[in-house]
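Participant: Sending over a structure as structure tokens; questions will come in a sec.
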Amino acid sequence: GSAPTPDSVWRTQLLDETHTQALADTMARSPVLANVVIALHGDLGAGKTTLVRHLLRALGVAGRIKSPTYTVVEPHEAPWPAAWGAHTGAPLNIWHFDFYRFTDPREWEDAGFRELFAQPGLKLVEWPEKAQGMMPTPDADLSLHPMDDHEHSRRLTFMARTPRGQQLLEAARS
Ligand code: ADP
Ligand code: MG
């Protein structure tokens, strides 16, 4: 079955942005990232883009990291992390999506998103709700929620949806 089991959910608190960065650093050590879809949920300002930026940096993406707010997708390339092994000489492909402004389903085919999701690589997706029924089931759903008492604290819920997502969850909480 696909019903979530207790093992499929991890809840934690990111007390400030250094905790968010530390989570990104830990996740970046997992070779599972070579081919997963990670959905990021949470209101505007929750910290989705911030987590993605830290993850991209941790993976060795250099230069300015643009937000895909207006472009829907920003592609990135990182050198294959040495610690991951299985090095073929190919770089790691990463796509950062933000579907907030995605309104026309016809755009899905026209923009080549179907082909893109079929490529091996890391897909990080903000506002996946807006691409429901089009994008594949994510391996993991991460939700960020601000905490009432602290401006810089976020509650994180990490839900694994697939065995690969479960591997990533276990790496993330280690
Ligand atoms: P979203 O993409 O969810 O709309 P952003 O990442 O663009 O949100 O903005 C989050 C803001 O919150 C940034 O200014 C970031 O510096 C700030 N922030 C404060 N604390 C945290 C934290 N613990 N984790 C992530 N971002 C944080
Ligand atoms: Mg964002």
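We label chains A, B, ... in the order they appear in the structure tokens, count residues from 1 in each chain, and number ligands from 1 in the order shown.
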Identify, on the basis of only C-alpha atoms, every residue whose closest approach to Met147 in chain A does not exceed 12 Å; exclude the query and any residue fewer than 2 positions from it along the same chain; express the result as a list in words.
Facilitator: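 Answer for this query is Thr12, Gln13, Leu14, Leu15, Asp16, Ala46, Leu144, His145, Asp149, His150, Glu151, His152, Ser153, Arg154, Arg155 and Leu156 of chain A.
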Participant: Do a neighbour search on range 105-119 of chain A at 12 Å with only C-alpha atoms, toss out local chain neighbours closer than 3 positions, and write the hits as a PyMOL selection string.
Facilitator: chain A and resi 34-38+71-75+92-97+99+101-102+122-125+130-138
Participant: Residues at most 8 Å from ligand 2, using only C-alpha atoms and all ligand atoms? Could they come as a PyMOL selection string?
Facilitator: chain A and resi 44-45+47-50+67-69+98+126
Participant: Between A:Leu33, A:Leu142, A:Ala86, A:Ala28, which residue has the minimum interatomic distance to ligand 1, considering only C-alpha atoms and all ligand atoms?
Facilitator: A:Leu142
Participant: Just to confirm, what's the straight-line distance from CA of Thr162 in chain A to CA of Val32 in chain A in Å (one decimal)?
Facilitator: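 According to the coordinates, CA of Thr162 in chain A and CA of Val32 in chain A are separated by 11.6 Å.
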Participant: Rounded to one decimal in Å, what is the spacing between CA of Ala160 in chain A and CA of Leu40 in chain A?
Facilitator: 12.3 Å
Participant: Between CA of Ala82 in chain A and CA of Ala24 in chain A, what is the spacing in Å?
Facilitator: 17.1 Å
Participant: Compare A:Leu59, A:Ala39, A:Met27, A:Leu168 by their minimum atom-to-atom distance to ligand 1, counting only C-alpha atoms and all ligand atoms, and give me the closest one.
Facilitator: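 Answer, going by the shortest atom-to-atom distance: A:Ala39.
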Participant: What lies within 6 Å of His54 in chain A using only C-alpha atoms, ignoring chain neighbours under 2 positions off, as an NGL selection string?
Facilitator: :A and (21 or 24 or 51-52 or 56-57)
Participant: Those residues you just picked out, can you put them in a file as a PDB file, in the first residue's frame with C-alpha atoms?
Facilitator:
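Generated output (out_34.pdb):
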ATOM      1  CA  GLN A  21      21.781  25.221   6.018  1.00  0.00           C
ATOM      2  CA  ALA A  24      20.927  21.082   3.334  1.00  0.00           C
ATOM      3  CA  LEU A  51      16.431  25.716   1.582  1.00  0.00           C
ATOM      4  CA  VAL A  52      16.929  25.121  -2.156  1.00  0.00           C
ATOM      5  CA  LEU A  56      22.471  23.979  -4.362  1.00  0.00           C
ATOM      6  CA  ARG A  57      25.462  25.575  -2.622  1.00  0.00           C
TER       7      ARG A  57
END
Participant: Tell me which of A:His41, A:His19, A:Lys66, A:Arg164 sits closest to Arg53 in chain A, counting only C-alpha atoms.
Facilitator: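 Distance minimum relative to Arg53 in chain A lands on A:Lys66.
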